[in-house]
Every structure is written in structure tokens, then in C-alpha cells.
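Single-structure report; data block below.
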Amino acid sequence: MDSQILATCGVGLAAVYVLPESGRDLRLAEVVEVSDGRYRPATAYALDSHSPVADACRLSVPLWLTAEDVARYGLRGDDAPAPVPAPAPAPAESLVDASPTDRVRAGALPLGGEGRLLGCLLVVSRAGEHGFSTDQRTLLELCAARAASGLEAAAARVTDRAETAPRCRSALLPTRGGCFVLALGTGHMDVDTAVLDLFGIPPENFDGDVSALLEYTHPDDAPALMSIVEPQQTESDQHLTFRIRRNGELRWLGLHCRVLAGPDGRPQRVLGLVGDASSLRPASDDVSLVQRLSAALSGTTTIRDVSRVVVESLRGPLNADRVAVAELEGDHLVVTVLEPPEPDAWPRSWRAQWRSEWPDASCHALPTLQNALREGHVSLWPAGTELEPHLKGVGPGGLAILPLPADGRMVGVCLVGWDAEHRFGPAERSLLTAAAGMAGQALARAHAQDAGHELATMLQRSLLPRTLPELPGGVAAARYLPATAGLEVGGDWYDVIPLSDNRVALVIGDVQGHSAGAATIMGQMRTAIRAYAVEGHPPDVVVAHANQLLVSMETDLFATCTYVDLDMEEGTAWAVRAGHLPPLLRLPDATTDEPEIEGGPPLGVIADGEFPMTQLSLAPGTLITLLTDGLVESATLHLDDGMRAVRELLASADPADPGQVADHLVASTLQRHDDVAVLILRYDGMRARPIRARWAVWRLPDAVMHARRFTARTLRDWSVEEESDTVLLVVSELVTNAIAHTQGEVQLALTLTGDRVRVAVNDASPRTPVKTENVDWEATGGRGLLLVAAMSAAWGSIPLSGGKQVWCDITLSPRVEPAPGAVPPQ
């Protein structure tokens, strides 16, 4: 490290420790003494020792030590004290505020973030000084970040000290560089003479304006530097490798800086380090790659185009096996392009969440990636690194995480993965950093040019189901791909709605047109159909209600849909079509069928339209496929030909994985003029079919008695004896509440499924029952629901058509089967 940086930071001694492969202790890799020999650093520190180096690494935070802390730690290293030379004079004028705030005399700064400890930087203040100021500590933390980058680039995990110094000395602490302080309000910049020397500017010719340095910057790297000169947020560390032109030649410099806030909370100053990065200069092939990427990105206008160019430009030259580009929306990553597109090439967890065109995943589920985005610089992970499964499968031989910066924030991320072992070189980091900077700026520009389209796509993404529910007796999978031709989005939607009595509703639909209005209508139709279905209406009534709702909305748009109500116990389905394509069936013998389903008009056309139902019977192992016309019809594809092609794909598909079947269906639709939605359910049937019994409760004085007698007979038939008293008590309370607090018909239903009995009482009141929190135990009422909650494993209430159902589940004790030949008790 340049002595100018250490002098500016008030450092008398700096020592770098690295973590060997064993991970048991930290070994001394390099020592730089500026003016001070008061302390002799130890050759090693055990990770479990009581020392500032070990404590900082275990806590993953910098430790700043006062004089008292130094004495308590006994910060001397070796037992024998080193001779103390005369203190060197402090610089006559310092760039930063050198007034100590708490007399901090030493610091231990861990190298690397959480989960990727690389080593530690130990610094001791110069003899005769009071300690490190706040600004000096900020610069030293940036020095630690730069040293961590050098460690990571050099892969400096060594096994003994003999290897340490030769392998790490040039990479850890660069010998040329300096500090700077930039005042954002005025653009005035105080710099070390070493920084001016890197730019080739004589000190007497520098007027203190930052624009004098920006003039030397390569035009392709200027936007990235401007995001630092004009930051949007504070307390953010930036790491950037950029090019300058000096005497007609390109030179590479490295920048580490932090934006500090003023009293009003706004960005006020930038403190940073500038160092020589000539050792990271890419080869001529890499330079041409960056130039080609820059030229290709200049012609992109959409986020999809930007992502495709980045993938195509990086995968081939880097010999990468996988490349993915994702946008950052809040705390979610929205993947825009995966290469290769085949689902088998990616981890299984990605196939379920990230395979469709608009997949997303929470950053919280990917802590390594989240940490890279927070730090804002390229992270390289060699083979054998322990990563979370979502990332390890992307690059088992090596993984590069490229945060994409723009305007002082992260707008996305690019992942580059290799299957075979890949060794990262210093030049590769520089190449990837430059590519990430250009890609981030291009993404931000595409967002600005395509704000309307992005708003519509974000709206449509939020209105589609994020995940599909787990179903008894079946597995569902869905895929959605927007049109690639044109910028507007459409109104295709799908839904899987669990219903009572082990029934499920499958819905797929399409709103006319491609606009934000179509996406809005789509969301309203999906919500309305789900509400009508959960209320318990039959399929024709659900679709008829949705039709009347759309007519009443006074919109010029109409919608089509197919609705299927499937009984998972019996395999019986009732299908309704409203101007939409019929479902396709793949039978267990690998043949396909397109059932004849009488259709009604599209939704929103005729207020009193009729929507007849058609019954279907499914055998276990049948695939039922619902789709929109974007998959089977286009300007170059006739509908009959498209349906025939889909049936051929279904016949040859493996039904064991419905998600993979859906992937194969949409894989061939590369150039899409319309949206594509596919919903597939594999019907397996239920191994343990429930047993049901129903009773109509008449409003008589002894109605509860009759309900209890019906329940007792049913339980005897089901051989439920031990829990019979509990079930009878629950029946008494629920039936009493229904008769006392509602009008109209009351129905009692008992269901035996496996190891539990469900008691359900239907009534005509839509009011949800409320469990009383404060009960007067001397009163005659108000305790019914408390008893139900206490006696059952679970209870609740769901709306039904014109009323509600109150239910509770009672767990049965395991039944003991009699031994063979045993004599039953008399």
C-alpha cells in the first residue's frame, strides 16, 4: 500500500493476515511500517484466541481500540518488544479531518463479508498521535475492502507462511495509490499527490475541480464514475475499476469510496481511495469483448434485449455453462433471460420458481447473492465453495455474481456459472466489473425508455398466482410467457382454487387486447371467479356470475375462459367454456383426447348468456391440460395444426413431472405474437377416500337430540368409539349455535378421513362466528366456540352460497389391529 495513504490515515504500522485452507488460524501475509516500530505483529493468531484480529473475524465487524483496549489486549504480538524509533512527523496538511473523536489507537478490520472470511487487516496509529479520526477510520475500512478484493482475486487461501508472502504481496496491498475527499455540493476535490501522479497531472496544474479528473476518463466508463460524483444514497460503498487515457495510452485504475451524509441526511462528501490496477488490465481479447458488448448494448431498447445481449456476449468468450440475468424489484429478483433455456440445465428449485418468463425469487432466500448486491462489487466463488443450493447448482465449478449498478444503486444481477473447475484470474474480475457497469447502465436506460411497459408487466405479474397449492390426489403446474412481438402485455391468466370436499377448480382465461387495461380486467376476473367458486356455486353459476360482473363494468373488453370443477375423490369433472379452447386430456395409455364441450359466449358480451356444463371422467394418471390460444395459433400457425402439435407433445411426454411437460409445451414458442398460458394437472386419485354422512336438521325443540342420535349411529358404523363423546359434544354446540343464531335450513355433515373426523354445519347466515375472548362463566351462553376450539385439532368458517360453513377437525387415536388368530373380547 502506498505510504501516502497510510500517512493520510495516521497509520504507523499495517499488517495483513490471511486465512489458510485449514481455517484454524490467521497467518501473517504482509507488514508495512511507515514510521513506527512500537509493535511487532504476531506471525499467527488462532481464530478462537483473545486478540483483536480473532475477535474482529469472529464478529465480522471492525474493532476500533482505544489506548485502554490496546493495553487490555496486550497488543505486542511477539513476547519481545521491538525497538521504538523516533516518531515520524505528521503531514503538514491532511486531506481529512484528523481530529480523533474517541482516541482510537488501533483497529482490526475483517477482510471479506459474512460467510466468506478471507483474513484481517491490523492497523496501529502513528507514534505521537492521539489516534484515528472518524474520516481516517472510513478510509481504513475502504483499504480493507480493497485488500479483500486483492485476496479474492489472488485466491489467497494458503496452507503455510512460506507460500503466503510470495503469492499475495503484489495483490493485497498495491504499492501505488492515494486518498481523496470530494465535496458534492461544490465539486471541489482534495487529493493526494499520488492520485494526481496516477492521472499524470502535475500538482500545480490541478485547480481542485473534479471535472479535471473526469476529463481523463474513458467515455465508456464515465457513466459509472458520474454515478459516484452524483450519488443518490448515503453510506454506500462503491467498488469500481475504470480506465483513463494518459499520454495516448489506456491505464486501469481501481476506486473504493464511501458516500457520507450531511446534517440534513443528504449526500455531502465522498471519501475514497484510488489505486493503480495495471495488474488487473485485461488482455486484448477481453478489451475487444468489452468494446463489442458496449456497441451491442447501445442499440438495445428493452430489458429483454439488454439481458439477451449480456448473455450472448459473456457465455461464449468465458466458456460458461450457464448465464442468467435478473432485475431487482424491491427484495425480489425477476429473471429475464436464462441461457441455456432448457429446464434440465438448471437446478430443480429454479425450474419450479424461475423457469417461466416472469419467474422471481426473494433475495432473502439467497444470502450470498444478497450480500453481493449489498456490497456492490463482483464476487467470485471457486469450485468447492459452500453455497446455498439455489446457487451451488448454477456453478459447481465456479460462480461469478455480477451486481449491475446504475445511478448509485443496484438494478439487477448477472450470474455466470461453470460446471468444470474454473480458475479466476485478476483480469477476469476487471472484465466482469466493466461488463457489469455497462449492463447496469443499459438496464436503467431501458427502464426509462419503457416505463409504461414495465408498469403493465409489473401489474400483470402481481395479479397472477405466485405459487400453486398442494392438492390431495393430484399435482398442478403452470407456465406463463408474454408476447415477444410488441411492447404491450396481454390479459392471459390461470388459477387453481381448492374447494371443499376435496374438490378443485381449474381456470384459464384470456382478456381481449394487450394493454394495462387488459391486465387490470384480468385481475378482476380472476378475483371474481375465485370468490364465486369458494362460495360453493356450481361451475355454470360461477361463470355466469363472472359474465354479469364484466357486463356491468361497462368496458369495451371481453374475456374468454374455461372452468373445470374436479372431484379429486371420484375423478368426475364438470367443465364450462366461455368462448375459450376446450381442455386436452392425456390418458394413462399415452393417447390424447379433445373432449366435446358445449361452449357459451365470451364473458362480457351478453348479460343473460347461458353456459352449459359437460361432465368428464378421469382415470388416475390422466393429465388435463388447459391452454390459451397463444400456444396453438398465430399468423403462421393454424389453430388445428397447433392443437394437433400439442396433442403429439402430450402423447410423448412423461406424466411423472407435470412441470416438465409444461416446459416442453412452451419451449417451442420462441417468437410469440400473443401471450401463452398453460395449466396442467395430473390426476392421481386419493388412496384413502373419505367416508361422508349428511343430516338435515329440522327446527324442532329436540333438533339437537336428533342430530346427536344421527352422529352416534354414524360413529358406531365407522367404529369410532373412543372419541365419540368429543364428537357428540362438538355436534351439540355447532347445531345449537346454528339454530339459535340463524334462520333457514341447517345441514350437518360428518366426514371420516384417515385419522380424523370433520364435523361441518352449514347455515343460511353469512355472518362469521366470533369466539368470545372474555367469558362470564356464570352466564348460560357464550362458551360454545371456546369448547369447540378446545376439543378439536382445528376449526374455522368458510363462506358458502348465501351462508357459511362452520367446521372442526377431531383427531382420532391410532387404531390397534387385532393379532392374527386372536379371540375378540366377549
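Here, A, B, ... name the chains of the C-alpha cells in the order displayed, residue numbers run from 1 inside each chain, and ligands are numbered from 1 in the same displayed order.
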> Among region 710-743 of chain A, which residues carry a DSSP assignment of helix (DSSP H, G or I), reported as an MDAnalysis selection string?
Replying inline: chainID A and resid 710:717 724:741
With N, CA and C atoms retained, write the just-selected residues as an mmCIF file, in the first residue's frame.
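Saved file part33.cif follows:
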```
data_model
loop_
_atom_site.group_PDB
_atom_site.id
_atom_site.type_symbol
_atom_site.label_atom_id
_atom_site.label_comp_id
_atom_site.auth_asym_id
_atom_site.auth_seq_id
_atom_site.Cartn_x
_atom_site.Cartn_y
_atom_site.Cartn_z
ATOM 1 N N PHE A 710 -78.163 -39.179 15.226
ATOM 2 C CA PHE A 710 -77.601 -39.457 13.895
ATOM 3 C C PHE A 710 -76.077 -39.604 13.979
ATOM 4 N N THR A 711 -75.449 -38.723 14.739
ATOM 5 C CA THR A 711 -73.993 -38.757 14.873
ATOM 6 C C THR A 711 -73.537 -40.038 15.562
ATOM 7 N N ALA A 712 -74.253 -40.438 16.624
ATOM 8 C CA ALA A 712 -73.865 -41.653 17.359
ATOM 9 C C ALA A 712 -73.975 -42.883 16.474
ATOM 10 N N ARG A 713 -75.070 -42.993 15.677
ATOM 11 C CA ARG A 713 -75.209 -44.134 14.767
ATOM 12 C C ARG A 713 -74.085 -44.158 13.743
ATOM 13 N N THR A 714 -73.763 -42.984 13.212
ATOM 14 C CA THR A 714 -72.712 -42.911 12.186
ATOM 15 C C THR A 714 -71.361 -43.314 12.766
ATOM 16 N N LEU A 715 -71.045 -42.848 13.957
ATOM 17 C CA LEU A 715 -69.764 -43.178 14.560
ATOM 18 C C LEU A 715 -69.655 -44.666 14.860
ATOM 19 N N ARG A 716 -70.780 -45.295 15.283
ATOM 20 C CA ARG A 716 -70.747 -46.753 15.504
ATOM 21 C C ARG A 716 -70.482 -47.487 14.208
ATOM 22 N N ASP A 717 -71.113 -47.029 13.105
ATOM 23 C CA ASP A 717 -70.873 -47.669 11.811
ATOM 24 C C ASP A 717 -69.412 -47.521 11.388
ATOM 25 N N SER A 724 -66.011 -40.641 20.573
ATOM 26 C CA SER A 724 -67.422 -40.390 20.270
ATOM 27 C C SER A 724 -67.990 -39.288 21.164
ATOM 28 N N ASP A 725 -67.628 -39.255 22.452
ATOM 29 C CA ASP A 725 -68.146 -38.224 23.341
ATOM 30 C C ASP A 725 -67.700 -36.829 22.896
ATOM 31 N N THR A 726 -66.462 -36.734 22.462
ATOM 32 C CA THR A 726 -65.965 -35.442 21.988
ATOM 33 C C THR A 726 -66.727 -34.993 20.754
ATOM 34 N N VAL A 727 -66.929 -35.917 19.800
ATOM 35 C CA VAL A 727 -67.654 -35.560 18.577
ATOM 36 C C VAL A 727 -69.088 -35.150 18.910
ATOM 37 N N LEU A 728 -69.748 -35.857 19.799
ATOM 38 C CA LEU A 728 -71.127 -35.528 20.163
ATOM 39 C C LEU A 728 -71.198 -34.146 20.815
ATOM 40 N N LEU A 729 -70.224 -33.824 21.661
ATOM 41 C CA LEU A 729 -70.222 -32.505 22.288
ATOM 42 C C LEU A 729 -70.074 -31.402 21.240
ATOM 43 N N VAL A 730 -69.165 -31.586 20.299
ATOM 44 C CA VAL A 730 -68.957 -30.583 19.261
ATOM 45 C C VAL A 730 -70.212 -30.439 18.402
ATOM 46 N N VAL A 731 -70.842 -31.564 18.042
ATOM 47 C CA VAL A 731 -72.074 -31.503 17.247
ATOM 48 C C VAL A 731 -73.146 -30.721 17.995
ATOM 49 N N SER A 732 -73.284 -30.967 19.284
ATOM 50 C CA SER A 732 -74.291 -30.263 20.075
ATOM 51 C C SER A 732 -74.067 -28.758 20.037
ATOM 52 N N GLU A 733 -72.814 -28.327 20.213
ATOM 53 C CA GLU A 733 -72.532 -26.900 20.257
ATOM 54 C C GLU A 733 -72.757 -26.237 18.895
ATOM 55 N N LEU A 734 -72.273 -26.865 17.816
ATOM 56 C CA LEU A 734 -72.402 -26.245 16.498
ATOM 57 C C LEU A 734 -73.851 -26.206 16.037
ATOM 58 N N VAL A 735 -74.597 -27.281 16.251
ATOM 59 C CA VAL A 735 -76.004 -27.288 15.841
ATOM 60 C C VAL A 735 -76.810 -26.302 16.679
ATOM 61 N N THR A 736 -76.530 -26.235 17.976
ATOM 62 C CA THR A 736 -77.240 -25.271 18.822
ATOM 63 C C THR A 736 -76.990 -23.844 18.357
ATOM 64 N N ASN A 737 -75.737 -23.509 18.046
ATOM 65 C CA ASN A 737 -75.426 -22.162 17.564
ATOM 66 C C ASN A 737 -76.153 -21.858 16.260
ATOM 67 N N ALA A 738 -76.196 -22.828 15.343
ATOM 68 C CA ALA A 738 -76.846 -22.587 14.056
ATOM 69 C C ALA A 738 -78.343 -22.354 14.231
ATOM 70 N N ILE A 739 -78.987 -23.144 15.071
ATOM 71 C CA ILE A 739 -80.431 -22.989 15.263
ATOM 72 C C ILE A 739 -80.746 -21.700 16.027
ATOM 73 N N ALA A 740 -79.918 -21.376 17.019
ATOM 74 C CA ALA A 740 -80.214 -20.221 17.860
ATOM 75 C C ALA A 740 -79.916 -18.889 17.189
ATOM 76 N N HIS A 741 -78.938 -18.840 16.302
ATOM 77 C CA HIS A 741 -78.473 -17.553 15.780
ATOM 78 C C HIS A 741 -78.727 -17.365 14.290
#
```
>> Residues within 10 Å of Ala688 (chain A), please, as a PyMOL selection string. Count only C-alpha atoms; anything in the same chain fewer than 3 positions from it doesn't count.
In response: chain A and resi 473+569+685+691+752-754
Same residues, all heavy atoms, output as a compact mmCIF listing (two decimals), in the first residue's frame:
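Produced file out01.txt, reproduced below:
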```
# COMPACT_ATOMS: atom_id res chain seq x y z
N GLY A 473 -54.45 -35.84 -4.05
CA GLY A 473 -54.74 -36.68 -5.21
C GLY A 473 -54.35 -36.10 -6.54
O GLY A 473 -54.87 -36.54 -7.58
N GLU A 569 -61.74 -37.10 -5.40
CA GLU A 569 -62.03 -38.43 -4.89
C GLU A 569 -62.57 -39.34 -5.99
O GLU A 569 -62.13 -40.49 -6.13
CB GLU A 569 -63.06 -38.33 -3.76
CG GLU A 569 -62.59 -37.54 -2.56
CD GLU A 569 -63.69 -37.40 -1.53
OE1 GLU A 569 -64.68 -38.18 -1.61
OE2 GLU A 569 -63.60 -36.53 -0.64
N GLY A 685 -55.87 -39.50 -8.12
CA GLY A 685 -56.86 -40.15 -7.27
C GLY A 685 -56.37 -40.22 -5.83
O GLY A 685 -55.18 -40.13 -5.56
N ILE A 691 -65.11 -41.00 3.95
CA ILE A 691 -66.48 -41.52 4.10
C ILE A 691 -67.33 -40.38 4.63
O ILE A 691 -66.95 -39.71 5.60
CB ILE A 691 -66.51 -42.72 5.06
CG1 ILE A 691 -65.52 -43.80 4.60
CG2 ILE A 691 -67.91 -43.30 5.16
CD1 ILE A 691 -65.38 -44.94 5.60
N LEU A 752 -65.14 -38.84 7.60
CA LEU A 752 -64.04 -39.60 8.18
C LEU A 752 -62.94 -39.74 7.13
O LEU A 752 -63.14 -40.33 6.07
CB LEU A 752 -64.53 -40.99 8.61
CG LEU A 752 -63.44 -41.96 9.12
CD1 LEU A 752 -62.78 -41.42 10.38
CD2 LEU A 752 -64.03 -43.34 9.36
N THR A 753 -61.76 -39.15 7.44
CA THR A 753 -60.62 -39.20 6.53
C THR A 753 -59.39 -39.61 7.32
O THR A 753 -58.90 -38.84 8.15
CB THR A 753 -60.38 -37.84 5.86
OG1 THR A 753 -61.57 -37.41 5.22
CG2 THR A 753 -59.26 -37.95 4.83
N GLY A 754 -58.90 -40.83 7.09
CA GLY A 754 -57.69 -41.28 7.76
C GLY A 754 -57.85 -41.28 9.27
O GLY A 754 -58.66 -42.02 9.83
```
>> Just want the 8 Å neighbourhood of region 502-514 of chain A, counted on only C-alpha atoms, with same-chain residues fewer than 2 positions away dropped. Output as a PyMOL selection string.
In response: chain A and resi 471-472+488-500+516-519+521-522+533+557-569+580+626-628+677+679
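Here CA of Thr186 (chain A) is placed at a distance of 12.8 Å from CA of Asp207 (chain A).
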>> Would you compute the distance between CA of Trp795 (chain A) and CA of Val542 (chain A)? Give it in Å to one decimal.
In response: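 Computing the Euclidean distance for CA of Trp795 (chain A) and CA of Val542 (chain A) yields 26.6 Å.
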>> Residues within 12 Å of Asp135 (chain A), please, as a VMD selection string. Count only C-alpha atoms; anything in the same chain fewer than 2 positions from it doesn't count.
In response: chain A and resid 8 to 10 94 to 101 131 to 133 137 to 142 179 to 181 257 to 260 269 to 272
> Smallest atom-to-atom distance to Leu314 (chain A): which of A:Ile624, A:Cys414, A:Met791, A:Leu196, using only C-alpha atoms?
Replying inline: A:Cys414
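For the pair CA of Ala320 (chain A) and CA of Thr433 (chain A), the interatomic distance is 16.4 Å.
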Using 12 Å as the limit and counting only C-alpha atoms, can you tabulate each residue of region 286-334 of chain A that touches region 416-419 of chain A, with its shortest atom-to-atom distance in Å and the two atoms involved, as JSON lines?
```
{"residue": "A:Val310", "atom": "CA", "partner": "A:Val416", "partner_atom": "CA", "distance": 10.7}
{"residue": "A:Val311", "atom": "CA", "partner": "A:Val416", "partner_atom": "CA", "distance": 9.0}
{"residue": "A:Glu312", "atom": "CA", "partner": "A:Val416", "partner_atom": "CA", "distance": 11.7}
{"residue": "A:Ser313", "atom": "CA", "partner": "A:Val416", "partner_atom": "CA", "distance": 11.7}
{"residue": "A:Leu314", "atom": "CA", "partner": "A:Val416", "partner_atom": "CA", "distance": 8.2}
{"residue": "A:Arg315", "atom": "CA", "partner": "A:Val416", "partner_atom": "CA", "distance": 7.7}
{"residue": "A:Gly316", "atom": "CA", "partner": "A:Val416", "partner_atom": "CA", "distance": 11.2}
{"residue": "A:Pro317", "atom": "CA", "partner": "A:Val416", "partner_atom": "CA", "distance": 11.8}
{"residue": "A:Leu318", "atom": "CA", "partner": "A:Val416", "partner_atom": "CA", "distance": 8.9}
{"residue": "A:Asn319", "atom": "CA", "partner": "A:Trp418", "partner_atom": "CA", "distance": 7.9}
{"residue": "A:Ala320", "atom": "CA", "partner": "A:Trp418", "partner_atom": "CA", "distance": 5.2}
{"residue": "A:Asp321", "atom": "CA", "partner": "A:Trp418", "partner_atom": "CA", "distance": 5.0}
{"residue": "A:Arg322", "atom": "CA", "partner": "A:Gly417", "partner_atom": "CA", "distance": 5.1}
{"residue": "A:Val323", "atom": "CA", "partner": "A:Val416", "partner_atom": "CA", "distance": 4.6}
{"residue": "A:Ala324", "atom": "CA", "partner": "A:Val416", "partner_atom": "CA", "distance": 6.8}
{"residue": "A:Val325", "atom": "CA", "partner": "A:Val416", "partner_atom": "CA", "distance": 9.0}
{"residue": "A:Ala326", "atom": "CA", "partner": "A:Val416", "partner_atom": "CA", "distance": 11.9}
```
>> Set the distance at 7 Å and use only C-alpha atoms: which residues neighbour region 650-655 of chain A once local chain neighbours fewer than 5 positions away are removed? I'd like the list as a PyMOL selection string.
In response: chain A and resi 586+590-592+661
Preceding selection exported with N, CA, C and O atoms as a PDB file, in the first residue's frame:
```pdb
ATOM      1  N   ARG A 586     -54.554 -36.200 -21.636  1.00  0.00           N
ATOM      2  CA  ARG A 586     -53.603 -37.271 -21.949  1.00  0.00           C
ATOM      3  C   ARG A 586     -53.967 -38.443 -21.050  1.00  0.00           C
ATOM      4  O   ARG A 586     -53.838 -38.369 -19.826  1.00  0.00           O
ATOM      5  N   ALA A 590     -51.258 -43.165 -22.830  1.00  0.00           N
ATOM      6  CA  ALA A 590     -50.484 -42.259 -23.687  1.00  0.00           C
ATOM      7  C   ALA A 590     -51.262 -41.759 -24.896  1.00  0.00           C
ATOM      8  O   ALA A 590     -50.686 -41.073 -25.741  1.00  0.00           O
ATOM      9  N   THR A 591     -52.530 -42.065 -25.021  1.00  0.00           N
ATOM     10  CA  THR A 591     -53.353 -41.474 -26.076  1.00  0.00           C
ATOM     11  C   THR A 591     -53.893 -40.134 -25.573  1.00  0.00           C
ATOM     12  O   THR A 591     -53.925 -39.858 -24.376  1.00  0.00           O
ATOM     13  N   THR A 592     -54.313 -39.295 -26.516  1.00  0.00           N
ATOM     14  CA  THR A 592     -54.840 -37.977 -26.157  1.00  0.00           C
ATOM     15  C   THR A 592     -56.264 -37.846 -26.648  1.00  0.00           C
ATOM     16  O   THR A 592     -56.699 -38.547 -27.565  1.00  0.00           O
ATOM     17  N   VAL A 661     -43.568 -31.315 -18.377  1.00  0.00           N
ATOM     18  CA  VAL A 661     -44.474 -31.360 -19.523  1.00  0.00           C
ATOM     19  C   VAL A 661     -44.827 -29.948 -19.967  1.00  0.00           C
ATOM     20  O   VAL A 661     -44.816 -29.629 -21.166  1.00  0.00           O
TER      21      VAL A 661
END
```
> Between A:Asp221, A:Glu723, A:Glu535, A:Glu633, which is the closest to Gly803 (chain A) once you count only C-alpha atoms?
Replying inline: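 Smallest distance to Gly803 (chain A) is found for A:Glu535.
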Can you list, as a short mmCIF file (atom, residue, chain, number, x, y, z; two decimals) with all heavy atoms, in the first residue's frame, every protein, DNA or RNA residue that comes within 8 Å of region 375-380 of chain A when you count only C-alpha atoms, leaving out same-chain residues fewer than 3 positions away?
```cif
data_model
loop_
_atom_site.label_atom_id
_atom_site.label_comp_id
_atom_site.auth_asym_id
_atom_site.auth_seq_id
_atom_site.Cartn_x
_atom_site.Cartn_y
_atom_site.Cartn_z
N GLU A 152 -9.31 -12.00 -2.77
CA GLU A 152 -10.24 -12.83 -3.53
C GLU A 152 -9.72 -13.06 -4.94
O GLU A 152 -9.82 -14.16 -5.48
CB GLU A 152 -11.61 -12.14 -3.57
CG GLU A 152 -12.71 -13.02 -4.12
CD GLU A 152 -14.05 -12.30 -4.07
OE1 GLU A 152 -14.13 -11.15 -4.53
OE2 GLU A 152 -15.02 -12.90 -3.59
N ALA A 153 -9.14 -12.02 -5.56
CA ALA A 153 -8.63 -12.17 -6.92
C ALA A 153 -7.46 -13.13 -6.98
O ALA A 153 -7.30 -13.89 -7.93
CB ALA A 153 -8.22 -10.81 -7.49
N ASP A 237 -20.92 1.92 0.00
CA ASP A 237 -19.58 1.70 -0.52
C ASP A 237 -19.65 1.35 -1.99
O ASP A 237 -20.54 0.60 -2.42
CB ASP A 237 -18.90 0.56 0.24
CG ASP A 237 -18.54 0.98 1.67
OD1 ASP A 237 -18.76 2.15 2.00
OD2 ASP A 237 -18.06 0.12 2.42
N GLN A 238 -18.72 1.90 -2.75
CA GLN A 238 -18.66 1.65 -4.19
C GLN A 238 -17.28 1.08 -4.52
O GLN A 238 -16.26 1.50 -3.97
CB GLN A 238 -18.88 2.94 -5.00
CG GLN A 238 -20.21 3.62 -4.74
CD GLN A 238 -21.35 2.90 -5.41
OE1 GLN A 238 -21.13 2.16 -6.36
NE2 GLN A 238 -22.55 3.13 -4.93
N HIS A 239 -17.28 0.09 -5.42
CA HIS A 239 -16.04 -0.53 -5.88
C HIS A 239 -16.08 -0.50 -7.39
O HIS A 239 -17.00 -1.06 -8.00
CB HIS A 239 -15.93 -1.96 -5.35
CG HIS A 239 -14.77 -2.72 -5.93
ND1 HIS A 239 -14.73 -4.08 -6.03
CD2 HIS A 239 -13.60 -2.27 -6.46
CE1 HIS A 239 -13.59 -4.45 -6.60
NE2 HIS A 239 -12.89 -3.37 -6.86
N LEU A 240 -15.10 0.12 -8.01
CA LEU A 240 -15.15 0.33 -9.46
C LEU A 240 -13.75 0.25 -10.04
O LEU A 240 -12.78 0.77 -9.47
CB LEU A 240 -15.78 1.70 -9.76
CG LEU A 240 -15.92 2.08 -11.23
CD1 LEU A 240 -16.94 1.17 -11.92
CD2 LEU A 240 -16.34 3.52 -11.36
N ASN A 371 -25.81 -10.50 -0.22
CA ASN A 371 -24.62 -9.84 0.30
C ASN A 371 -23.81 -9.20 -0.82
O ASN A 371 -23.29 -8.10 -0.67
CB ASN A 371 -23.77 -10.86 1.06
CG ASN A 371 -22.61 -10.21 1.79
OD1 ASN A 371 -22.80 -9.27 2.55
ND2 ASN A 371 -21.41 -10.70 1.55
N ALA A 372 -23.73 -9.87 -1.98
CA ALA A 372 -23.01 -9.30 -3.12
C ALA A 372 -23.69 -8.03 -3.61
O ALA A 372 -23.03 -7.05 -3.96
CB ALA A 372 -22.91 -10.33 -4.25
N GLY A 398 -17.44 -23.15 -10.45
CA GLY A 398 -17.08 -21.75 -10.27
C GLY A 398 -18.29 -20.88 -10.57
O GLY A 398 -19.07 -21.16 -11.49
N LEU A 399 -18.47 -19.84 -9.77
CA LEU A 399 -19.64 -18.97 -9.93
C LEU A 399 -19.21 -17.53 -9.78
O LEU A 399 -18.48 -17.17 -8.85
CB LEU A 399 -20.70 -19.31 -8.87
CG LEU A 399 -21.95 -18.41 -8.85
CD1 LEU A 399 -22.76 -18.59 -10.13
CD2 LEU A 399 -22.80 -18.71 -7.63
N ALA A 400 -19.64 -16.70 -10.72
CA ALA A 400 -19.40 -15.26 -10.65
C ALA A 400 -20.74 -14.56 -10.48
O ALA A 400 -21.68 -14.81 -11.24
CB ALA A 400 -18.70 -14.76 -11.92
N ILE A 401 -20.83 -13.69 -9.46
CA ILE A 401 -22.03 -12.90 -9.21
C ILE A 401 -21.70 -11.46 -9.54
O ILE A 401 -20.83 -10.84 -8.92
CB ILE A 401 -22.48 -13.03 -7.75
CG1 ILE A 401 -22.76 -14.50 -7.41
CG2 ILE A 401 -23.71 -12.18 -7.49
CD1 ILE A 401 -23.14 -14.73 -5.97
N LEU A 402 -22.40 -10.92 -10.55
CA LEU A 402 -22.13 -9.57 -11.04
C LEU A 402 -23.30 -8.66 -10.70
O LEU A 402 -24.33 -8.66 -11.39
CB LEU A 402 -21.92 -9.56 -12.56
CG LEU A 402 -20.63 -10.09 -13.17
CD1 LEU A 402 -20.44 -11.57 -12.91
CD2 LEU A 402 -20.63 -9.81 -14.67
N PRO A 403 -23.21 -7.86 -9.63
CA PRO A 403 -24.25 -6.83 -9.42
C PRO A 403 -24.19 -5.80 -10.54
O PRO A 403 -23.11 -5.41 -11.00
CB PRO A 403 -23.87 -6.21 -8.07
CG PRO A 403 -22.96 -7.21 -7.43
CD PRO A 403 -22.24 -7.89 -8.55
N PRO A 405 -24.82 -2.13 -11.52
CA PRO A 405 -25.07 -0.82 -10.91
C PRO A 405 -25.55 0.19 -11.94
O PRO A 405 -25.22 0.13 -13.13
CB PRO A 405 -23.69 -0.45 -10.37
CG PRO A 405 -22.74 -1.07 -11.35
CD PRO A 405 -23.40 -2.32 -11.87
N MET A 410 -28.27 -0.64 -7.22
CA MET A 410 -28.21 -1.90 -7.95
C MET A 410 -29.55 -2.15 -8.65
O MET A 410 -30.60 -2.16 -7.99
CB MET A 410 -27.90 -3.06 -7.01
CG MET A 410 -26.53 -2.94 -6.37
SD MET A 410 -25.21 -2.92 -7.60
CE MET A 410 -24.07 -1.75 -6.82
N PHE A 424 -10.29 -18.32 -11.51
CA PHE A 424 -10.47 -16.90 -11.79
C PHE A 424 -9.13 -16.19 -11.72
O PHE A 424 -8.35 -16.39 -10.79
CB PHE A 424 -11.43 -16.28 -10.78
CG PHE A 424 -12.82 -16.84 -10.84
CD1 PHE A 424 -13.24 -17.79 -9.92
CD2 PHE A 424 -13.72 -16.44 -11.81
CE1 PHE A 424 -14.52 -18.31 -9.95
CE2 PHE A 424 -15.00 -16.96 -11.86
CZ PHE A 424 -15.40 -17.89 -10.93
N ARG A 429 -11.75 -10.50 -13.19
CA ARG A 429 -12.53 -9.63 -12.33
C ARG A 429 -12.74 -8.26 -12.98
O ARG A 429 -13.84 -7.70 -12.97
CB ARG A 429 -11.84 -9.45 -10.98
CG ARG A 429 -12.46 -8.36 -10.12
CD ARG A 429 -11.70 -8.17 -8.82
NE ARG A 429 -11.96 -9.26 -7.92
CZ ARG A 429 -13.03 -9.31 -7.13
NH1 ARG A 429 -13.93 -8.36 -7.18
NH2 ARG A 429 -13.22 -10.32 -6.33
N LEU A 432 -15.26 -8.57 -15.85
CA LEU A 432 -16.63 -8.71 -15.39
C LEU A 432 -17.14 -7.43 -14.76
O LEU A 432 -18.32 -7.08 -14.89
CB LEU A 432 -16.72 -9.87 -14.39
CG LEU A 432 -16.40 -11.26 -14.96
CD1 LEU A 432 -16.42 -12.31 -13.86
CD2 LEU A 432 -17.41 -11.63 -16.05
N THR A 433 -16.27 -6.70 -14.06
CA THR A 433 -16.69 -5.43 -13.46
C THR A 433 -17.07 -4.43 -14.54
O THR A 433 -18.09 -3.73 -14.43
CB THR A 433 -15.57 -4.87 -12.58
OG1 THR A 433 -15.27 -5.81 -11.55
CG2 THR A 433 -15.97 -3.55 -11.96
#
```
